[in-house]
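Let me begin by presenting the structure, written as structure tokens, before commenting on it.
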Amino acid sequence: MEREKVLTVRDLSITFTTTAGPVHAIRGVNLDLYRGETLAIVGESGSGKSVTVKAAMGILAKNGKVDSGTIEYTYHHDDGTPETVDILKMKKKDIRRHINGKRIAMIFQDPMTSLDPTMTIGKQIMEGMIWHYKTPKEEAYKKAVSLLKEVGITDAEARMGNYPHQLSGGMRQRVVIAIALACDPELLICDEPTTALDVTIQAKILELIQRIQKERRISVIYITHDLGVVAKVADFVNVMYAGRIVETGTINEIYYEPAHPYTWGLLSAMPDLDTNDHRLYTIPGSPPNLLHPVTGDAFAPRNIYALKIDDRAEPPMFKITDTHYAATWLLDPRAPKVEMPAELKARIQRMKKEAK
Amino acid sequence: MSEKTPLLQVKNLKQYFKVSNNYTVRAVDGVTFDIYPGETYGLVGESGSGKSTIGRSIIRLYNPTEGQIIFDGTDISGKLDKKATAALRTQMQMIFQDPMACLNPRKKVGEIIGEGLDIHHLYANRKERQDKIDRILAKVGLAPEHADRYPHQFSGGQRQRVGIARALIMNPKLIIADECISALDVSIQAQVVNLMKDIQEETGTAYLFIAHDLSMVKYISDRIGVLHLGHLLETGTTEEIFAHPVHPYTRSLLSAIPSPNPVVEKSRVAESYDYATSGLDYNAGSLHQLEGTHQVWGTDEDVARWLAK
């Protein structure tokens, strides 16, 4: 089956002007997303994962400036004809009218701050439909009720009149999902959708998003720092560090054959329930401050496998397979052969065995 | 373990909050557990299960409604006299969840850490105070010059280190860590957990580790208590809980932990548990002793049914 492109980000660079000076938050990001597939962006806070998708939604903070790059988004008109636009070239007003909420919807981290406390949840679900599609009120009401049922809220009709504070955290996040789905978007962006929730509710919400994605055949972008969540939902993974994508590949490639030392570190730092080690692996140091220009590989100061060249030149993306790329000089043919840490290797072996 | 005397004994602790004349929130409803010197007790449960309330009741930020808290041989659940308060405030310390919100933004880190020393007059001269602060900063992996900076100049992980330093400087016997890693990134979480473990080995403090992330709790805890709706449903050593969870709520918690194994994770569906439809009544029932220190709360029939599974 031919894969249909939805979102293409090329060479995106974003700078924020702050009182302390310009911060180069995004330094040349490339992303590809196809219809019906799930992409995950993983990284620590401050690595630029949220900024990337905010640029795609045209909701960058006022002090943010796009230096270069394109974000091409392909959508279908109501009559089914496809159209590709560069979101970065669109006027803010047009993005609001044609893209936000209608074609790209976003689920934010904290459902309490993303819902309006002075409006009933029913009204908030209907708002988008009435604004974008001029849906008559009764019709919008009916659709809102069915959406609430779809996201697993019992007694939906009674809930329509509730205010956000009357609902629990998991319920609120379900409402946020219902709002995001109200205008039948083609792309759903989930920015840490479960970080504020408990593990039991997290599992339920993820299963809900997965089910909806399958039913509606929409594309989803997940932003998270939890590799367990990524393992559950994603088809493709992009690992981000200091404003760049350092490794990209299919989910199995990233988890079973990681190539970048940062990915090794992230995977090793996941608590492992099957071993009895008494210490957790940690990546030494902390992420770089992007106020200062980065020379060479941004990860080098924290990387025990760093080579001399890492201080001088930024590594390009080395190709491993058709889908798997990593930006580390270790993959250069001239580099000494370095294997991933033995503990991680043993763990991956065990994971592979479990998977069979 | 039975010969040792517990450092902290919590007996049938109840903490109610009266919202109005005819509505009372029963945040903690009859919880009993012990913490031994130098061990880590993990308290897990979803939000609203009362785990933070227990921590706050123990350190007496709340006045317990009912029940006994015995710390180091003294009952600290009733009214406290001056001496008991002073002892409690030095020997029990708390690390809070949000490292940005719990540090005074207008004070330098050195002052924040030294505040407890000032209040309890624990130094003879300025130099001794400075020495103590420098030593504690080094212990948590910060440099002495960090004492002259303000909290906003630190990253999240470093701020949490300041919070730990502030708790440690009093040389406490028990530290209550209330979700102290949930606001941090995964890689930083691991650093803080390792630091807490190292400090425990060095100083022998006990921890009450409150969290909802079971995978981290497993790493740090010797024993675990599972809390739901103010009731302690299951308690035991970490191995007992993880290898043989008995209560359906514990099982659902364990099954919800995501594992970093895509093939396994994709096909797995988490066990669901809903109190309203489970047909269980937490108020009925009693604590059942299973093997070792493993205990589970429930009626006789329920426990027999769970064990048969």
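Going through the structure tokens in order, the chains are called A, B, and so on, while each chain numbers its residues from 1 and the ligands are numbered from 1 in the order shown.
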I'd like a table as a tab-separated table: residues in chain A with an atom no more than 9 Å from chain B, each row giving the shortest atom pair and its distance in Å to one decimal, only C-alpha atoms counted, sorted by chain and rising residue number.
residue	atom	partner	partner_atom	distance
A:Glu44	CA	B:Asp185	CA	6.1
A:Ser45	CA	B:Asp185	CA	6.7
A:Gly169	CA	B:Ser47	CA	8.9
A:Leu197	CA	B:Ser47	CA	8.2
A:Asp198	CA	B:Glu46	CA	5.7
A:Val199	CA	B:Ala256	CA	5.8
A:Thr200	CA	B:Ala256	CA	5.3
A:Ile201	CA	B:Ala256	CA	8.4
A:Gln202	CA	B:Ala256	CA	7.9
A:Ala203	CA	B:Ala256	CA	5.9
A:Lys204	CA	B:Ala270	CA	7.6
A:Glu207	CA	B:Val269	CA	7.9
A:His225	CA	B:Val186	CA	6.9
A:Asp226	CA	B:Val186	CA	7.2
A:Leu227	CA	B:Pro260	CA	5.9
A:Gly228	CA	B:Pro260	CA	4.5
A:Val229	CA	B:Pro258	CA	6.2
A:Val230	CA	B:Pro260	CA	7.9
A:Ala231	CA	B:Pro262	CA	4.2
A:Lys232	CA	B:Lys266	CA	4.8
A:Val233	CA	B:Lys266	CA	6.8
A:Ala234	CA	B:Pro262	CA	8.5
A:Ile251	CA	B:Pro262	CA	6.8
A:Asn252	CA	B:Pro262	CA	6.7
A:Tyr255	CA	B:Asn261	CA	7.0
A:Tyr256	CA	B:Asn261	CA	8.5
A:Gly265	CA	B:Ser187	CA	8.1
A:Leu266	CA	B:Ser187	CA	6.7
A:Leu267	CA	B:Pro260	CA	7.7
A:Ala269	CA	B:Ser187	CA	6.0
A:Met270	CA	B:Val186	CA	7.4
A:Pro271	CA	B:Ser215	CA	5.9
A:Asp272	CA	B:Ser215	CA	7.4
A:Leu273	CA	B:Ser215	CA	6.6
A:Asn276	CA	B:Tyr219	CA	8.3
A:Asp277	CA	B:Tyr219	CA	8.2
A:His278	CA	B:Tyr219	CA	6.8
A:Arg279	CA	B:Asn194	CA	6.2
A:Leu280	CA	B:Ala190	CA	5.9
A:Tyr281	CA	B:Ala190	CA	6.9
A:Thr282	CA	B:Ala190	CA	5.7
A:Ile283	CA	B:Ser187	CA	6.2
A:Pro284	CA	B:Gln191	CA	8.2
A:Gly285	CA	B:Ile188	CA	9.0
A:Ser286	CA	B:Ile188	CA	7.9
A:Ile348	CA	B:Asn261	CA	8.5
A:Met351	CA	B:Asn261	CA	6.1
A:Lys352	CA	B:Asn261	CA	8.1
A:Glu354	CA	B:Val264	CA	7.2
A:Ala355	CA	B:Val264	CA	5.4
A:Lys356	CA	B:Val263	CA	8.4
task = Identify, on the basis of only C-alpha atoms, every residue whose closest approach to segment 79-81 of chain B does not exceed 10 Å; exclude the query and any residue fewer than 5 positions from it along the same chain; express the result as an MDAnalysis selection string.
result = chainID B and resid 60 63 86 88
message = Just want the 9 Å neighbourhood of Arg174 of chain A, counted on only C-alpha atoms, with same-chain residues fewer than 3 positions away dropped. Output as a VMD selection string.
response = chain A and resid 111 148 151 to 153 169 to 171 177 to 179 205 208
Every residue of segment 90-156 of chain B that DSSP places in alpha helix (DSSP H), as a count of residues only = 29
7 Å contact set for Ile26 of chain A, only C-alpha atoms, chain neighbours under 4 positions out, as an MDAnalysis selection string = chainID A and resid 12:15 48 243:244
Residue contacts of Ser57 of chain B (12 Å, only C-alpha atoms) excluding same-chain residues fewer than 2 positions away, as a PyMOL selection string = chain B and resi 10+13-17+27-28+31+50-55+59-69+76-78+94+176
Next, dump the selected residues to file, keeping only N, CA, C and O atoms, as a tab-separated table (two decimals), in the first residue's frame.
chain	number	residue	atom	x	y	z
B	10	VAL	N	2.96	3.42	62.89
B	10	VAL	CA	1.69	4.10	62.62
B	10	VAL	C	0.60	3.10	62.92
B	10	VAL	O	0.59	2.01	62.36
B	13	LEU	N	-4.10	4.90	61.86
B	13	LEU	CA	-4.15	6.35	61.63
B	13	LEU	C	-5.37	6.73	60.80
B	13	LEU	O	-5.66	6.13	59.77
B	14	LYS	N	-6.10	7.73	61.30
B	14	LYS	CA	-7.24	8.25	60.54
B	14	LYS	C	-7.07	9.75	60.40
B	14	LYS	O	-6.72	10.43	61.36
B	15	GLN	N	-7.28	10.24	59.22
B	15	GLN	CA	-7.19	11.68	58.99
B	15	GLN	C	-8.42	12.10	58.20
B	15	GLN	O	-8.57	11.77	57.04
B	16	TYR	N	-9.34	12.78	58.90
B	16	TYR	CA	-10.55	13.24	58.23
B	16	TYR	C	-10.47	14.74	58.04
B	16	TYR	O	-9.90	15.45	58.86
B	17	PHE	N	-11.04	15.21	56.95
B	17	PHE	CA	-11.13	16.65	56.74
B	17	PHE	C	-12.60	17.02	56.68
B	17	PHE	O	-13.34	16.53	55.82
B	27	ALA	N	-9.77	11.03	54.21
B	27	ALA	CA	-8.59	10.90	53.35
B	27	ALA	C	-7.77	9.68	53.72
B	27	ALA	O	-7.28	8.96	52.85
B	28	VAL	N	-7.62	9.43	55.00
B	28	VAL	CA	-6.89	8.25	55.46
B	28	VAL	C	-7.80	7.57	56.47
B	28	VAL	O	-8.30	8.21	57.39
B	31	VAL	N	-4.94	3.31	58.85
B	31	VAL	CA	-3.75	2.75	58.22
B	31	VAL	C	-2.74	2.38	59.30
B	31	VAL	O	-2.52	3.13	60.24
B	50	GLY	N	-4.56	9.15	49.38
B	50	GLY	CA	-4.20	9.54	50.74
B	50	GLY	C	-2.75	9.34	51.09
B	50	GLY	O	-2.39	9.47	52.25
B	51	LYS	N	-1.91	9.04	50.09
B	51	LYS	CA	-0.51	8.76	50.44
B	51	LYS	C	0.22	10.00	50.92
B	51	LYS	O	0.97	9.94	51.89
B	52	SER	N	-0.02	11.14	50.27
B	52	SER	CA	0.61	12.37	50.73
B	52	SER	C	0.08	12.78	52.09
B	52	SER	O	0.81	13.28	52.93
B	53	THR	N	-1.21	12.58	52.29
B	53	THR	CA	-1.82	12.93	53.57
B	53	THR	C	-1.15	12.16	54.71
B	53	THR	O	-0.89	12.73	55.77
B	54	ILE	N	-0.87	10.89	54.48
B	54	ILE	CA	-0.21	10.11	55.52
B	54	ILE	C	1.14	10.74	55.86
B	54	ILE	O	1.46	10.94	57.03
B	55	GLY	N	1.92	11.08	54.82
B	55	GLY	CA	3.21	11.70	55.05
B	55	GLY	C	3.08	12.98	55.86
B	55	GLY	O	3.82	13.21	56.81
B	59	ILE	N	4.47	13.82	59.83
B	59	ILE	CA	5.38	14.90	60.20
B	59	ILE	C	4.62	16.03	60.91
B	59	ILE	O	5.19	17.05	61.26
B	60	ARG	N	3.36	15.80	61.15
B	60	ARG	CA	2.49	16.69	61.91
B	60	ARG	C	2.27	18.04	61.24
B	60	ARG	O	2.30	19.08	61.88
B	61	LEU	N	2.05	18.00	59.94
B	61	LEU	CA	1.54	19.19	59.29
B	61	LEU	C	0.02	19.20	59.44
B	61	LEU	O	-0.63	20.22	59.27
B	62	TYR	N	-0.54	18.04	59.75
B	62	TYR	CA	-1.96	17.94	60.09
B	62	TYR	C	-2.05	17.37	61.50
B	62	TYR	O	-1.13	16.72	61.98
B	63	ASN	N	-3.18	17.56	62.14
B	63	ASN	CA	-3.44	16.90	63.41
B	63	ASN	C	-4.26	15.65	63.14
B	63	ASN	O	-5.40	15.75	62.69
B	64	PRO	N	-3.70	14.49	63.40
B	64	PRO	CA	-4.43	13.26	63.10
B	64	PRO	C	-5.76	13.20	63.84
B	64	PRO	O	-5.85	13.61	64.99
B	65	THR	N	-6.79	12.69	63.13
B	65	THR	CA	-8.11	12.59	63.74
B	65	THR	C	-8.13	11.49	64.79
B	65	THR	O	-8.72	11.63	65.85
B	66	GLU	N	-7.50	10.38	64.45
B	66	GLU	CA	-7.51	9.24	65.35
B	66	GLU	C	-6.28	8.40	65.08
B	66	GLU	O	-5.68	8.49	64.02
B	67	GLY	N	-5.92	7.58	66.04
B	67	GLY	CA	-4.79	6.69	65.82
B	67	GLY	C	-3.52	7.20	66.47
B	67	GLY	O	-3.47	8.30	67.01
B	68	GLN	N	-2.51	6.36	66.41
B	68	GLN	CA	-1.26	6.65	67.10
B	68	GLN	C	-0.11	6.70	66.12
B	68	GLN	O	-0.02	5.90	65.20
B	69	ILE	N	0.80	7.64	66.33
B	69	ILE	CA	2.05	7.66	65.58
B	69	ILE	C	3.16	7.65	66.62
B	69	ILE	O	3.26	8.57	67.43
B	76	ILE	N	3.77	10.82	69.04
B	76	ILE	CA	3.73	12.18	68.51
B	76	ILE	C	2.38	12.50	67.88
B	76	ILE	O	2.26	13.44	67.12
B	77	SER	N	1.36	11.69	68.20
B	77	SER	CA	0.09	11.94	67.53
B	77	SER	C	-0.78	12.94	68.28
B	77	SER	O	-1.67	13.53	67.70
B	78	GLY	N	-0.50	13.15	69.56
B	78	GLY	CA	-1.34	14.09	70.31
B	78	GLY	C	-0.78	15.49	70.28
B	78	GLY	O	-0.12	15.89	69.32
B	94	MET	N	11.35	16.37	55.45
B	94	MET	CA	10.51	16.07	54.29
B	94	MET	C	11.15	16.63	53.02
B	94	MET	O	11.73	17.70	53.04
B	176	ILE	N	10.84	11.90	54.84
B	176	ILE	CA	9.63	11.61	54.09
B	176	ILE	C	9.80	12.23	52.71
B	176	ILE	O	9.92	13.44	52.58
ask   = Got a sec: who's within 12 Å of Gln153 of chain B, counting only C-alpha atoms, leaving out chain neighbours fewer than 3 positions off, as number ranges by chain?
value = A: 289; B: 100, 103, 105-109, 146-150, 156-159, 162
task = Find the spatial neighbours of segment 260-264 of chain A, counting only C-alpha atoms, within a cut-off of 9 Å - ignore same-chain residues fewer than 4 positions away - and output them as a ChimeraX atom specification.
result = /A:239,241,246-247,254-255,268-269,283,299,302-306,326-328,330-331,340-341,344
ask   = Hey, what does DSSP flag as strand (DSSP E or B) within segment 57-284 of chain B? Can you give it to me as a PyMOL selection string?
value = chain B and resi 66-71+74-75+92-95+174-178+206-211+223-228+231-237
Restricting the output to C-alpha atoms, write the selected residues as a tab-separated table (two decimals), in the first residue's frame.
chain	number	residue	atom	x	y	z
B	66	GLU	CA	-7.51	9.24	65.35
B	67	GLY	CA	-4.79	6.69	65.82
B	68	GLN	CA	-1.26	6.65	67.10
B	69	ILE	CA	2.05	7.66	65.58
B	70	ILE	CA	5.03	6.50	67.61
B	71	PHE	CA	8.34	7.89	66.46
B	74	THR	CA	7.56	8.81	71.74
B	75	ASP	CA	3.94	9.20	70.83
B	92	MET	CA	12.10	13.94	60.74
B	93	GLN	CA	12.47	15.84	57.48
B	94	MET	CA	10.51	16.07	54.29
B	95	ILE	CA	11.43	16.37	50.62
B	174	LEU	CA	13.53	9.60	58.92
B	175	ILE	CA	13.05	11.43	55.66
B	176	ILE	CA	9.63	11.61	54.09
B	177	ALA	CA	10.06	11.89	50.33
B	178	ASP	CA	6.72	12.97	48.92
B	206	ALA	CA	15.10	5.65	56.91
B	207	TYR	CA	12.90	6.83	54.07
B	208	LEU	CA	9.18	6.95	53.65
B	209	PHE	CA	9.08	7.06	49.88
B	210	ILE	CA	5.75	8.22	48.52
B	211	ALA	CA	5.21	7.74	44.79
B	223	ARG	CA	9.03	-2.81	51.75
B	224	ILE	CA	5.96	-1.47	50.01
B	225	GLY	CA	2.48	-0.49	51.09
B	226	VAL	CA	-0.30	-0.20	48.52
B	227	LEU	CA	-2.86	2.45	49.29
B	228	HIS	CA	-6.26	3.04	47.73
B	231	HIS	CA	-7.01	2.16	53.02
B	232	LEU	CA	-3.78	0.21	53.10
B	233	LEU	CA	-4.70	-2.76	50.94
B	234	GLU	CA	-1.51	-4.74	50.81
B	235	THR	CA	1.90	-4.51	52.38
B	236	GLY	CA	5.01	-6.63	52.29
B	237	THR	CA	8.57	-6.71	51.09
Atom-to-atom span, atom CA of Lys89 of chain A and atom CA of Ile189 of chain A, Å = 20.5 Å
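Atom CA of Leu33 of chain A sits 24.9 Å away from atom CA of Gly128 of chain A.
Among the candidates B:Pro144, B:Thr205, B:Phe33, B:Val19, the residue lying nearest to Gln295 of chain B is B:Phe33 (atoms considered: only C-alpha atoms).
Of the listed residues B:Val140, B:Ala124, B:Cys102, B:Ala167, the one whose atoms come nearest to Arg89 of chain B is B:Ala167, with distances taken using only C-alpha atoms.
Put simply, atom CA of Asn12 of chain B is 5.0 Å away from atom CA of Thr32 of chain B.
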